[in-house]
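K.L.:
So that you have it, the file is target.cif, and it contains mmCIF, C-alpha atoms and all ligand atoms:
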```cif
data_final
#
loop_
_atom_site.group_PDB
_atom_site.id
_atom_site.type_symbol
_atom_site.label_atom_id
_atom_site.label_comp_id
_atom_site.auth_asym_id
_atom_site.auth_seq_id
_atom_site.Cartn_x
_atom_site.Cartn_y
_atom_site.Cartn_z
ATOM 1 C CA MET A 1 17.481 -37.407 7.735
ATOM 2 C CA LEU A 2 17.561 -33.584 7.818
ATOM 3 C CA GLU A 3 16.370 -32.014 11.019
ATOM 4 C CA ILE A 4 16.256 -28.272 11.552
ATOM 5 C CA ARG A 5 15.820 -27.256 15.173
ATOM 6 C CA ASP A 6 15.058 -23.717 16.242
ATOM 7 C CA LEU A 7 17.162 -22.149 13.496
ATOM 8 C CA HIS A 8 17.824 -18.426 13.828
ATOM 9 C CA VAL A 9 19.780 -16.388 11.299
ATOM 10 C CA THR A 10 20.637 -12.761 12.059
ATOM 11 C CA PHE A 11 22.633 -10.488 9.765
ATOM 12 C CA THR A 12 25.210 -8.801 11.967
ATOM 13 C CA THR A 13 25.662 -6.143 9.297
ATOM 14 C CA THR A 14 22.106 -4.834 9.637
ATOM 15 C CA GLY A 15 20.842 -6.481 12.802
ATOM 16 C CA LYS A 16 18.029 -8.030 10.740
ATOM 17 C CA GLU A 17 16.814 -11.408 12.038
ATOM 18 C CA ALA A 18 15.818 -13.050 8.745
ATOM 19 C CA VAL A 19 15.005 -16.477 10.214
ATOM 20 C CA LYS A 20 13.316 -16.509 13.606
ATOM 21 C CA GLY A 21 13.405 -20.021 14.972
ATOM 22 C CA ILE A 22 12.233 -22.529 12.411
ATOM 23 C CA ASP A 23 11.839 -26.274 12.899
ATOM 24 C CA LEU A 24 11.559 -28.603 9.922
ATOM 25 C CA THR A 25 12.223 -32.282 9.304
ATOM 26 C CA ILE A 26 12.809 -33.905 5.935
ATOM 27 C CA GLN A 27 12.752 -37.689 5.576
ATOM 28 C CA PRO A 28 14.797 -39.602 2.968
ATOM 29 C CA GLY A 29 13.130 -39.288 -0.415
ATOM 30 C CA GLU A 30 10.531 -36.832 0.869
ATOM 31 C CA ARG A 31 9.629 -33.717 -1.132
ATOM 32 C CA VAL A 32 8.877 -30.704 1.027
ATOM 33 C CA GLY A 33 7.855 -27.267 -0.156
ATOM 34 C CA LEU A 34 8.763 -24.030 1.570
ATOM 35 C CA VAL A 35 6.511 -21.189 0.413
ATOM 36 C CA GLY A 36 6.216 -17.593 1.404
ATOM 37 C CA GLU A 37 6.194 -14.075 0.078
ATOM 38 C CA SER A 38 9.275 -12.165 -0.988
ATOM 39 C CA GLY A 39 11.543 -11.400 1.953
ATOM 40 C CA SER A 40 10.072 -14.065 4.245
ATOM 41 C CA GLY A 41 13.481 -15.755 4.653
ATOM 42 C CA LYS A 42 13.310 -18.680 2.222
ATOM 43 C CA THR A 43 16.614 -18.074 0.457
ATOM 44 C CA VAL A 44 18.436 -17.276 3.689
ATOM 45 C CA THR A 45 17.179 -20.626 5.016
ATOM 46 C CA ALA A 46 18.321 -22.430 1.845
ATOM 47 C CA MET A 47 21.742 -20.792 1.929
ATOM 48 C CA THR A 48 22.153 -21.710 5.579
ATOM 49 C CA LEU A 49 21.216 -25.345 5.004
ATOM 50 C CA SER A 50 23.542 -25.684 2.054
ATOM 51 C CA GLY A 51 26.429 -24.013 3.865
ATOM 52 C CA LEU A 52 26.657 -21.229 1.291
ATOM 53 C CA ILE A 53 25.748 -18.428 3.656
ATOM 54 C CA GLU A 54 28.603 -16.007 4.270
ATOM 55 C CA ARG A 55 29.383 -16.867 7.869
ATOM 56 C CA SER A 56 31.230 -13.657 8.623
ATOM 57 C CA ILE A 57 28.076 -11.561 8.255
ATOM 58 C CA VAL A 58 25.574 -13.720 10.124
ATOM 59 C CA GLN A 59 24.996 -15.036 13.570
ATOM 60 C CA LEU A 60 23.525 -18.531 13.521
ATOM 61 C CA SER A 61 21.866 -20.454 16.304
ATOM 62 C CA GLY A 62 19.941 -23.694 16.611
ATOM 63 C CA GLN A 63 20.832 -26.972 14.958
ATOM 64 C CA VAL A 64 20.783 -28.404 11.449
ATOM 65 C CA LEU A 65 21.303 -32.137 11.705
ATOM 66 C CA LEU A 66 22.092 -34.172 8.627
ATOM 67 C CA ASP A 67 21.849 -37.810 9.678
ATOM 68 C CA GLY A 68 22.596 -36.710 13.222
ATOM 69 C CA ARG A 69 25.623 -34.552 12.390
ATOM 70 C CA ASP A 70 25.296 -30.844 13.128
ATOM 71 C CA ILE A 71 26.228 -29.049 9.918
ATOM 72 C CA LEU A 72 25.539 -25.613 11.340
ATOM 73 C CA HIS A 73 28.568 -25.678 13.579
ATOM 74 C CA CYS A 74 31.008 -27.855 11.648
ATOM 75 C CA SER A 75 34.335 -26.768 10.159
ATOM 76 C CA ARG A 76 34.768 -25.373 6.654
ATOM 77 C CA ALA A 77 36.408 -28.622 5.566
ATOM 78 C CA GLU A 78 33.442 -30.665 6.786
ATOM 79 C CA LEU A 79 31.106 -28.192 5.150
ATOM 80 C CA ARG A 80 32.792 -28.672 1.782
ATOM 81 C CA GLN A 81 32.201 -32.378 2.119
ATOM 82 C CA VAL A 82 28.491 -31.798 2.772
ATOM 83 C CA HIS A 83 27.939 -29.186 0.114
ATOM 84 C CA GLY A 84 27.684 -30.727 -3.309
ATOM 85 C CA ARG A 85 28.254 -34.236 -1.990
ATOM 86 C CA GLU A 86 25.357 -34.775 0.406
ATOM 87 C CA ILE A 87 23.302 -31.683 -0.302
ATOM 88 C CA GLY A 88 22.908 -30.440 -3.873
ATOM 89 C CA MET A 89 21.647 -27.012 -4.832
ATOM 90 C CA VAL A 90 19.622 -25.693 -7.772
ATOM 91 C CA PHE A 91 19.008 -21.949 -7.967
ATOM 92 C CA GLN A 92 16.611 -19.726 -9.848
ATOM 93 C CA GLU A 93 18.872 -18.260 -12.504
ATOM 94 C CA PRO A 94 20.673 -21.016 -14.357
ATOM 95 C CA MET A 95 22.924 -18.547 -16.160
ATOM 96 C CA THR A 96 24.538 -17.313 -12.969
ATOM 97 C CA SER A 97 25.133 -20.758 -11.489
ATOM 98 C CA LEU A 98 26.915 -21.959 -14.621
ATOM 99 C CA ASN A 99 30.377 -20.726 -15.539
ATOM 100 C CA PRO A 100 30.014 -19.060 -18.969
ATOM 101 C CA LEU A 101 33.581 -19.984 -19.938
ATOM 102 C CA MET A 102 33.383 -23.671 -19.171
ATOM 103 C CA ARG A 103 31.856 -26.375 -21.327
ATOM 104 C CA VAL A 104 28.536 -27.712 -20.056
ATOM 105 C CA GLY A 105 29.772 -31.306 -19.766
ATOM 106 C CA GLU A 106 32.793 -30.346 -17.692
ATOM 107 C CA GLN A 107 30.557 -28.441 -15.297
ATOM 108 C CA ILE A 108 28.230 -31.368 -14.903
ATOM 109 C CA GLU A 109 31.243 -33.511 -13.959
ATOM 110 C CA GLU A 110 32.606 -30.961 -11.516
ATOM 111 C CA THR A 111 31.170 -32.532 -8.330
ATOM 112 C CA LEU A 112 32.651 -35.907 -9.324
ATOM 113 C CA ARG A 113 36.045 -34.284 -9.836
ATOM 114 C CA ILE A 114 35.885 -32.627 -6.417
ATOM 115 C CA HIS A 115 34.352 -35.410 -4.381
ATOM 116 C CA THR A 116 35.360 -38.723 -6.005
ATOM 117 C CA HIS A 117 38.384 -40.486 -7.461
ATOM 118 C CA ARG A 118 36.783 -41.280 -10.803
ATOM 119 C CA THR A 119 38.975 -41.136 -13.870
ATOM 120 C CA PRO A 120 38.249 -38.530 -16.573
ATOM 121 C CA ALA A 121 36.780 -41.235 -18.809
ATOM 122 C CA GLN A 122 34.490 -42.470 -16.037
ATOM 123 C CA ARG A 123 33.433 -38.902 -15.264
ATOM 124 C CA LYS A 124 32.559 -38.220 -18.855
ATOM 125 C CA ALA A 125 30.554 -41.426 -19.151
ATOM 126 C CA LEU A 126 28.602 -40.515 -16.006
ATOM 127 C CA ALA A 127 28.072 -36.965 -17.263
ATOM 128 C CA LEU A 128 26.639 -38.231 -20.551
ATOM 129 C CA GLU A 129 24.369 -40.581 -18.637
ATOM 130 C CA ALA A 130 23.201 -37.762 -16.339
ATOM 131 C CA MET A 131 22.578 -35.521 -19.329
ATOM 132 C CA ALA A 132 20.398 -38.169 -20.923
ATOM 133 C CA GLN A 133 18.574 -38.653 -17.610
ATOM 134 C CA VAL A 134 17.611 -34.977 -17.364
ATOM 135 C CA GLY A 135 16.503 -34.884 -20.990
ATOM 136 C CA LEU A 136 19.270 -32.808 -22.543
ATOM 137 C CA PRO A 137 19.277 -33.391 -26.291
ATOM 138 C CA ASP A 138 22.134 -35.260 -27.942
ATOM 139 C CA PRO A 139 24.468 -35.469 -24.893
ATOM 140 C CA GLU A 140 27.596 -36.118 -26.992
ATOM 141 C CA THR A 141 27.177 -32.744 -28.705
ATOM 142 C CA THR A 142 25.734 -30.799 -25.782
ATOM 143 C CA TYR A 143 28.671 -31.935 -23.625
ATOM 144 C CA TYR A 144 30.986 -29.627 -25.611
ATOM 145 C CA LYS A 145 28.653 -26.617 -25.707
ATOM 146 C CA TYR A 146 28.918 -23.476 -23.605
ATOM 147 C CA PRO A 147 26.016 -22.318 -21.382
ATOM 148 C CA HIS A 148 24.990 -19.474 -23.718
ATOM 149 C CA GLN A 149 24.387 -22.035 -26.477
ATOM 150 C CA LEU A 150 21.598 -23.642 -24.428
ATOM 151 C CA SER A 151 18.042 -22.459 -23.793
ATOM 152 C CA GLY A 152 16.979 -21.412 -20.287
ATOM 153 C CA GLY A 153 15.238 -24.731 -19.720
ATOM 154 C CA GLN A 154 18.253 -26.676 -20.970
ATOM 155 C CA ARG A 155 20.535 -24.710 -18.670
ATOM 156 C CA GLN A 156 18.316 -25.578 -15.726
ATOM 157 C CA ARG A 157 18.450 -29.245 -16.778
ATOM 158 C CA ALA A 158 22.251 -28.989 -16.856
ATOM 159 C CA ILE A 159 22.277 -27.561 -13.321
ATOM 160 C CA ILE A 160 20.035 -30.370 -12.140
ATOM 161 C CA ALA A 161 22.346 -32.910 -13.811
ATOM 162 C CA SER A 162 25.383 -31.401 -12.098
ATOM 163 C CA ALA A 163 23.694 -31.550 -8.700
ATOM 164 C CA MET A 164 22.239 -35.043 -9.213
ATOM 165 C CA ILE A 165 25.271 -36.747 -10.782
ATOM 166 C CA ILE A 166 26.668 -37.595 -7.372
ATOM 167 C CA LEU A 167 23.276 -38.608 -5.937
ATOM 168 C CA PRO A 168 23.015 -36.316 -2.933
ATOM 169 C CA LYS A 169 20.703 -37.142 -0.032
ATOM 170 C CA LEU A 170 18.922 -33.833 -0.406
ATOM 171 C CA LEU A 171 18.416 -31.476 -3.313
ATOM 172 C CA ILE A 172 17.561 -27.895 -2.333
ATOM 173 C CA CYS A 173 15.849 -26.049 -5.176
ATOM 174 C CA ASP A 174 15.369 -22.301 -4.683
ATOM 175 C CA GLU A 175 12.801 -21.000 -7.190
ATOM 176 C CA PRO A 176 14.136 -23.433 -9.810
ATOM 177 C CA THR A 177 11.466 -22.590 -12.362
ATOM 178 C CA THR A 178 10.679 -18.935 -11.717
ATOM 179 C CA ALA A 179 12.754 -17.711 -14.672
ATOM 180 C CA LEU A 180 11.169 -20.221 -17.068
ATOM 181 C CA ASP A 181 7.958 -20.105 -19.067
ATOM 182 C CA VAL A 182 5.021 -22.147 -17.864
ATOM 183 C CA THR A 183 5.461 -25.164 -20.161
ATOM 184 C CA VAL A 184 9.145 -25.535 -19.345
ATOM 185 C CA GLN A 185 8.340 -24.943 -15.681
ATOM 186 C CA LYS A 186 6.081 -27.979 -15.646
ATOM 187 C CA GLN A 187 8.670 -30.114 -17.452
ATOM 188 C CA ILE A 188 11.346 -29.217 -14.912
ATOM 189 C CA LEU A 189 9.033 -29.949 -11.969
ATOM 190 C CA ASP A 190 8.096 -33.304 -13.491
ATOM 191 C CA LEU A 191 11.790 -34.048 -14.026
ATOM 192 C CA LEU A 192 12.533 -33.297 -10.371
ATOM 193 C CA ARG A 193 9.701 -35.565 -9.327
ATOM 194 C CA ARG A 194 10.929 -38.418 -11.517
ATOM 195 C CA LEU A 195 14.539 -38.108 -10.340
ATOM 196 C CA SER A 196 13.531 -37.902 -6.697
ATOM 197 C CA GLU A 197 11.353 -41.001 -7.028
ATOM 198 C CA GLU A 198 13.838 -42.978 -9.083
ATOM 199 C CA TYR A 199 16.877 -42.243 -6.921
ATOM 200 C CA HIS A 200 15.124 -41.663 -3.606
ATOM 201 C CA VAL A 201 16.588 -38.171 -3.263
ATOM 202 C CA ALA A 202 14.787 -35.802 -0.898
ATOM 203 C CA VAL A 203 13.840 -32.393 -2.290
ATOM 204 C CA LEU A 204 13.316 -29.088 -0.514
ATOM 205 C CA LEU A 205 11.518 -26.911 -3.026
ATOM 206 C CA ILE A 206 11.437 -23.204 -2.297
ATOM 207 C CA SER A 207 8.909 -21.034 -4.074
ATOM 208 C CA HIS A 208 6.624 -18.081 -3.622
ATOM 209 C CA ASP A 209 4.100 -19.956 -5.772
ATOM 210 C CA MET A 210 1.778 -22.486 -4.118
ATOM 211 C CA THR A 211 0.907 -24.140 -7.430
ATOM 212 C CA VAL A 212 4.572 -24.951 -8.105
ATOM 213 C CA VAL A 213 4.884 -26.572 -4.692
ATOM 214 C CA ARG A 214 1.624 -28.419 -5.147
ATOM 215 C CA ARG A 215 2.865 -30.022 -8.335
ATOM 216 C CA LEU A 216 5.904 -31.565 -6.661
ATOM 217 C CA CYS A 217 5.598 -31.756 -2.894
ATOM 218 C CA GLU A 218 3.444 -33.905 -0.638
ATOM 219 C CA ASN A 219 4.164 -31.637 2.326
ATOM 220 C CA VAL A 220 4.557 -27.915 2.644
ATOM 221 C CA ALA A 221 5.631 -25.352 5.216
ATOM 222 C CA VAL A 222 4.432 -21.773 4.883
ATOM 223 C CA MET A 223 6.901 -19.106 5.912
ATOM 224 C CA TYR A 224 5.980 -15.575 6.911
ATOM 225 C CA GLN A 225 8.431 -12.973 8.209
ATOM 226 C CA GLY A 226 11.065 -15.497 9.245
ATOM 227 C CA ARG A 227 8.726 -17.990 10.864
ATOM 228 C CA ILE A 228 6.842 -21.081 9.754
ATOM 229 C CA VAL A 229 3.198 -20.190 10.276
ATOM 230 C CA GLU A 230 1.573 -23.345 8.933
ATOM 231 C CA ARG A 231 2.620 -26.794 7.752
ATOM 232 C CA GLY A 232 1.074 -30.050 6.683
ATOM 233 C CA ARG A 233 0.069 -32.026 3.628
ATOM 234 C CA THR A 234 0.061 -29.739 0.600
ATOM 235 C CA GLU A 235 -3.366 -30.902 -0.519
ATOM 236 C CA ASP A 236 -4.929 -30.303 2.926
ATOM 237 C CA ILE A 237 -3.402 -26.881 3.242
ATOM 238 C CA PHE A 238 -4.429 -25.964 -0.268
ATOM 239 C CA ARG A 239 -8.006 -26.974 0.433
ATOM 240 C CA HIS A 240 -8.316 -25.843 4.045
ATOM 241 C CA PRO A 241 -5.695 -23.249 4.892
ATOM 242 C CA GLN A 242 -5.814 -22.374 8.589
ATOM 243 C CA ASP A 243 -3.516 -19.414 8.736
ATOM 244 C CA GLU A 244 -4.691 -16.103 7.375
ATOM 245 C CA TYR A 245 -1.442 -15.521 5.581
ATOM 246 C CA THR A 246 -1.669 -18.926 3.832
ATOM 247 C CA ARG A 247 -5.174 -18.031 2.718
ATOM 248 C CA ARG A 248 -3.867 -14.862 1.166
ATOM 249 C CA LEU A 249 -1.102 -16.764 -0.646
ATOM 250 C CA ILE A 250 -3.681 -19.122 -2.155
ATOM 251 C CA ALA A 251 -6.112 -16.347 -2.944
ATOM 252 C CA ALA A 252 -3.359 -14.598 -4.892
ATOM 253 C CA ILE A 253 -3.260 -17.480 -7.404
ATOM 254 C CA PRO A 254 -5.385 -16.782 -10.498
ATOM 255 C CA THR A 255 -8.478 -19.009 -10.495
ATOM 256 C CA ARG A 256 -7.592 -20.834 -13.709
ATOM 257 C CA LYS A 257 -4.133 -21.699 -12.431
ATOM 258 C CA ARG A 258 -5.617 -22.899 -9.143
ATOM 259 C CA HIS A 259 -7.856 -25.189 -11.125
ATOM 260 C CA ASP A 260 -5.032 -26.327 -13.452
ATOM 261 C CA ALA A 261 -2.823 -27.317 -10.559
ATOM 262 C CA THR A 262 -5.209 -30.082 -9.510
ATOM 263 C CA GLY A 263 -4.127 -32.206 -12.478
ATOM 264 C CA LYS A 264 -0.553 -33.450 -12.438
ATOM 265 C CA ASP A 265 -0.502 -34.330 -16.096
ATOM 266 C CA ASN A 266 -1.598 -31.192 -17.840
HETATM 267 N N1 LIG A 301 23.114 -10.289 2.712
HETATM 268 C C1 LIG A 301 22.114 -9.797 3.437
HETATM 269 N N2 LIG A 301 22.311 -8.831 4.339
HETATM 270 C C2 LIG A 301 21.308 -8.321 5.078
HETATM 271 N N3 LIG A 301 20.027 -8.742 4.996
HETATM 272 C C3 LIG A 301 19.753 -9.709 4.109
HETATM 273 C C4 LIG A 301 20.770 -10.284 3.273
HETATM 274 N N4 LIG A 301 20.201 -11.251 2.495
HETATM 275 C C5 LIG A 301 18.893 -11.240 2.821
HETATM 276 N N5 LIG A 301 18.614 -10.340 3.783
HETATM 277 C C6 LIG A 301 17.305 -10.058 4.403
HETATM 278 O O1 LIG A 301 16.749 -11.253 4.897
HETATM 279 C C7 LIG A 301 15.332 -11.291 4.684
HETATM 280 C C8 LIG A 301 14.957 -12.596 3.968
HETATM 281 O O2 LIG A 301 15.496 -12.575 2.647
HETATM 282 P P1 LIG A 301 15.380 -13.838 1.664
HETATM 283 O O3 LIG A 301 16.262 -13.561 0.524
HETATM 284 O O4 LIG A 301 15.612 -15.071 2.443
HETATM 285 O O5 LIG A 301 13.855 -13.763 1.228
HETATM 286 P P2 LIG A 301 13.069 -14.768 0.260
HETATM 287 O O6 LIG A 301 11.957 -15.348 1.069
HETATM 288 O O7 LIG A 301 14.008 -15.698 -0.391
HETATM 289 O O8 LIG A 301 12.446 -13.741 -0.798
HETATM 290 P P3 LIG A 301 12.253 -13.900 -2.401
HETATM 291 O O9 LIG A 301 10.950 -14.618 -2.588
HETATM 292 O O10 LIG A 301 12.186 -12.490 -2.872
HETATM 293 O O11 LIG A 301 13.426 -14.645 -2.957
HETATM 294 C C9 LIG A 301 14.992 -10.045 3.900
HETATM 295 O O12 LIG A 301 14.472 -9.093 4.789
HETATM 296 C C10 LIG A 301 16.317 -9.586 3.351
HETATM 297 O O13 LIG A 301 16.343 -8.190 3.223
HETATM 298 MG MG MG A 302 14.615 -16.010 -2.392
#
```
Can I see the file as structure tokens?
Ligand SMILES: Nc1ncnc2c1ncn2[C@@H]1O[C@H](COP(=O)(O)OP(=O)(O)OP(=O)(O)O)[C@@H](O)[C@H]1O
Ligand SMILES: [Mg+2]
P.N.:
Amino acid sequence: MLEIRDLHVTFTTTGKEAVKGIDLTIQPGERVGLVGESGSGKTVTAMTLSGLIERSIVQLSGQVLLDGRDILHCSRAELRQVHGREIGMVFQEPMTSLNPLMRVGEQIEETLRIHTHRTPAQRKALALEAMAQVGLPDPETTYYKYPHQLSGGQRQRAIIASAMIILPKLLICDEPTTALDVTVQKQILDLLRRLSEEYHVAVLLISHDMTVVRRLCENVAVMYQGRIVERGRTEDIFRHPQDEYTRRLIAAIPTRKRHDATGKDN
């Protein structure tokens, strides 16, 4: 479904090559993790895939095929169709991805307004349904609230609802739980798992934390300085990391957390 071939991203402003030829394939409904230390190129990769990268300051090469169509070299108009409609995005800081002046419900409907011909009444009904799906309390009331009236976890649920309402093929989540406390983190990861299973939406989960990826993703790619240095089944890599850098990533996890991550239900 999504096929990345030899993707390079270089910032023309600094000459920095942030992504140095990565290959990655994501099947429909598959959940893939992309882990790596700070600065390894994860967010630049995510921004490139979702079409949000500022094209005037980067030089891109390679291919990103979404169902065979190259979205790396398509027009802005085509890109708008892909972004939000076929690929949804969830970022780390839910406060910055929500408009503080707009009611939560209206923001959840936004993708429907842009990409479909649904009537306002239909959009609202779908928004309420999506809000219930992601576990937002009392959708009828929450619909009319502003982002600052929600908790961090609730804001992240609202973002997920706004990305999922249109049922994209792929949901790219860049550190979706990093700003949240551990309990809420687990709830959000379990929510992503449930939605991806129920609606057969593929997920690319980006994190610097192996235990987060392990909770959600069957497969993982480890990124180091712009390259993928190791990939495979998350469980195999967790147990028998081959690359030295992967070993260091796993060793950096506190022992108790490493142990905790083996159970999906704790
Ligand atoms: N707008 C930009 N201009 C120039 N260089 C950039 C820009 N954005 C990112 N970079 C560089 O690209 C490299 C990869 O950055 P990126 O944000 O993808 O890292 P990351 O893996 O997401 O890290 P983190 O875990 O901290 O989020 C870094 O060296 C960074 O300095
Ligand atoms: Mg990042």
K.L.:
Each residue of chain A lying at most 12 Å from ligand MG 302 (chain A) should get a row with its shortest atom-to-atom pair and the distance in Å to one decimal, counting only C-alpha atoms and all ligand atoms; could you produce that, ordered by chain and increasing number, as a Markdown table?
P.N.:
```
| residue | atom | partner | partner_atom | distance |
| --- | --- | --- | --- | --- |
| A:Ala18 | CA | A:MG302 | MG | 11.6 |
| A:Leu34 | CA | A:MG302 | MG | 10.7 |
| A:Val35 | CA | A:MG302 | MG | 10.0 |
| A:Gly36 | CA | A:MG302 | MG | 9.4 |
| A:Glu37 | CA | A:MG302 | MG | 9.0 |
| A:Ser38 | CA | A:MG302 | MG | 6.7 |
| A:Gly39 | CA | A:MG302 | MG | 7.0 |
| A:Ser40 | CA | A:MG302 | MG | 8.3 |
| A:Gly41 | CA | A:MG302 | MG | 7.1 |
| A:Lys42 | CA | A:MG302 | MG | 5.5 |
| A:Thr43 | CA | A:MG302 | MG | 4.0 |
| A:Val44 | CA | A:MG302 | MG | 7.3 |
| A:Thr45 | CA | A:MG302 | MG | 9.1 |
| A:Ala46 | CA | A:MG302 | MG | 8.5 |
| A:Met47 | CA | A:MG302 | MG | 9.6 |
| A:Phe91 | CA | A:MG302 | MG | 9.3 |
| A:Gln92 | CA | A:MG302 | MG | 8.6 |
| A:Glu93 | CA | A:MG302 | MG | 11.2 |
| A:Cys173 | CA | A:MG302 | MG | 10.5 |
| A:Asp174 | CA | A:MG302 | MG | 6.7 |
| A:Glu175 | CA | A:MG302 | MG | 7.2 |
| A:Pro176 | CA | A:MG302 | MG | 10.5 |
| A:Thr178 | CA | A:MG302 | MG | 10.5 |
| A:Leu205 | CA | A:MG302 | MG | 11.4 |
| A:Ile206 | CA | A:MG302 | MG | 7.9 |
| A:Ser207 | CA | A:MG302 | MG | 7.8 |
| A:His208 | CA | A:MG302 | MG | 8.3 |
| A:Asp209 | CA | A:MG302 | MG | 11.7 |
| A:Met223 | CA | A:MG302 | MG | 11.7 |
```
K.L.:
Decode the PyMOL selection byres (((chain A and resi 181-184) around 10) and not hetatm) for the given file into explicit residues and return them as a ChimeraX atom specification.
P.N.:
/A:152-154,156,177-180,185-190,266
K.L.:
Using only C-alpha atoms, determine which residues lie at most 10 Å from region 106-109 of chain A, disregarding the query and same-chain residues fewer than 5 positions distant; provide the list as a list in words.
P.N.:
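Once the adjacent positions are removed, what remains is Leu98, Asn99, Ile114, Pro120, Gln122, Arg123, Lys124, Ala125, Leu126, Ala127, Leu128, Ala130, Met131, Tyr143, Tyr144, Lys145, Tyr146, Pro147, Ala158, Ile159, Ile160, Ala161, Ser162, Ala163, Met164, Ile165 and Ile166 of chain A.
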K.L.:
Any chance you can output those residues with C-alpha atoms as a short mmCIF file (atom, residue, chain, number, x, y, z; two decimals), in the coordinates of the input?
P.N.:
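Below is the file selection-v4.cif, written as the result:
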```cif
data_model
loop_
_atom_site.label_atom_id
_atom_site.label_comp_id
_atom_site.auth_asym_id
_atom_site.auth_seq_id
_atom_site.Cartn_x
_atom_site.Cartn_y
_atom_site.Cartn_z
CA LEU A 98 26.92 -21.96 -14.62
CA ASN A 99 30.38 -20.73 -15.54
CA ILE A 114 35.88 -32.63 -6.42
CA PRO A 120 38.25 -38.53 -16.57
CA GLN A 122 34.49 -42.47 -16.04
CA ARG A 123 33.43 -38.90 -15.26
CA LYS A 124 32.56 -38.22 -18.86
CA ALA A 125 30.55 -41.43 -19.15
CA LEU A 126 28.60 -40.52 -16.01
CA ALA A 127 28.07 -36.97 -17.26
CA LEU A 128 26.64 -38.23 -20.55
CA ALA A 130 23.20 -37.76 -16.34
CA MET A 131 22.58 -35.52 -19.33
CA TYR A 143 28.67 -31.94 -23.62
CA TYR A 144 30.99 -29.63 -25.61
CA LYS A 145 28.65 -26.62 -25.71
CA TYR A 146 28.92 -23.48 -23.60
CA PRO A 147 26.02 -22.32 -21.38
CA ALA A 158 22.25 -28.99 -16.86
CA ILE A 159 22.28 -27.56 -13.32
CA ILE A 160 20.04 -30.37 -12.14
CA ALA A 161 22.35 -32.91 -13.81
CA SER A 162 25.38 -31.40 -12.10
CA ALA A 163 23.69 -31.55 -8.70
CA MET A 164 22.24 -35.04 -9.21
CA ILE A 165 25.27 -36.75 -10.78
CA ILE A 166 26.67 -37.60 -7.37
#
```
K.L.:
Give the answer as one residue: which of A:Gln27, A:Ser75, A:Gln225, A:Gln242 has the shortest atom-to-atom distance to ligand LIG 301 (chain A), using all atoms listed in the file?
P.N.:
A:Gln225
K.L.:
Rank nothing, just name the residue among A:Arg227, A:Thr211, A:His240, A:Glu30 nearest to Val9 (chain A), using only C-alpha atoms.
P.N.:
A:Arg227
K.L.:
Rounded to one decimal place, report the atom O2 of ligand LIG 301 (chain A)-CA of Thr10 (chain A) distance in Å.
P.N.:
10.7 Å
K.L.:
Please write out, as JSON, where the centre of an axis-aligned box around all listed atoms of region 212-228 of chain A lies and how long its edges are, in Å to one decimal, after adding 6 Å on each side.
P.N.:
```
{"center_x": 6.3, "center_y": -23.4, "center_z": 1.3, "size_x": 21.4, "size_y": 32.9, "size_z": 31.2}
```
K.L.:
Ranking A:Gln59, A:Thr25, A:Thr116, A:Gln149 by minimum distance to ligand LIG 301 (chain A) and counting all atoms listed in the file, which one comes first?
P.N.:
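Checking each of A:Gln59, A:Thr25, A:Thr116, A:Gln149 against ligand LIG 301 (chain A), counting all atoms listed in the file, the winner is A:Gln59.
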K.L.:
Which of these, A:Val201, A:Ala132, A:Val222, A:Leu167, has the shortest distance to ligand LIG 301 (chain A) once you count only C-alpha atoms and all ligand atoms?
P.N.:
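Among the listed residues, A:Val222 lies closest to ligand LIG 301 (chain A).
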K.L.:
Go ahead and compute the interatomic distance for CA of Leu112 (chain A) and CA of Glu86 (chain A), in Å to one decimal.
P.N.:
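Atom-to-atom, CA of Leu112 (chain A) and CA of Glu86 (chain A) are spaced 12.2 Å apart.
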K.L.:
What is the distance, in Å and to one decimal place, between CA of Gly232 (chain A) and CA of Lys169 (chain A)?
P.N.:
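That distance, rounded to one decimal, is 21.9 Å.
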K.L.:
Can you write region 2-25 of chain A from the block above with C-alpha atoms, as an mmCIF file, in the first residue's frame?
P.N.:
```cif
data_model
loop_
_atom_site.group_PDB
_atom_site.id
_atom_site.type_symbol
_atom_site.label_atom_id
_atom_site.label_comp_id
_atom_site.auth_asym_id
_atom_site.auth_seq_id
_atom_site.Cartn_x
_atom_site.Cartn_y
_atom_site.Cartn_z
ATOM 1 C CA LEU A 2 2.695 2.511 1.029
ATOM 2 C CA GLU A 3 6.100 1.921 -0.449
ATOM 3 C CA ILE A 4 9.075 4.134 0.296
ATOM 4 C CA ARG A 5 11.984 3.637 -2.076
ATOM 5 C CA ASP A 6 15.402 5.124 -1.484
ATOM 6 C CA LEU A 7 14.041 8.302 0.089
ATOM 7 C CA HIS A 8 16.543 11.114 0.586
ATOM 8 C CA VAL A 9 15.699 14.439 2.202
ATOM 9 C CA THR A 10 18.282 17.232 2.227
ATOM 10 C CA PHE A 11 17.716 20.683 3.703
ATOM 11 C CA THR A 12 18.958 23.137 1.102
ATOM 12 C CA THR A 13 19.148 25.803 3.796
ATOM 13 C CA THR A 14 21.853 23.986 5.761
ATOM 14 C CA GLY A 15 23.011 21.270 3.392
ATOM 15 C CA LYS A 16 22.047 18.700 6.045
ATOM 16 C CA GLU A 17 20.938 15.333 4.632
ATOM 17 C CA ALA A 18 18.414 14.309 7.299
ATOM 18 C CA VAL A 19 17.182 11.162 5.525
ATOM 19 C CA LYS A 20 19.792 9.129 3.676
ATOM 20 C CA GLY A 21 18.039 6.606 1.491
ATOM 21 C CA ILE A 22 15.390 4.725 3.406
ATOM 22 C CA ASP A 23 13.206 1.904 2.106
ATOM 23 C CA LEU A 24 10.052 0.883 3.944
ATOM 24 C CA THR A 25 6.828 -0.870 2.999
#
```
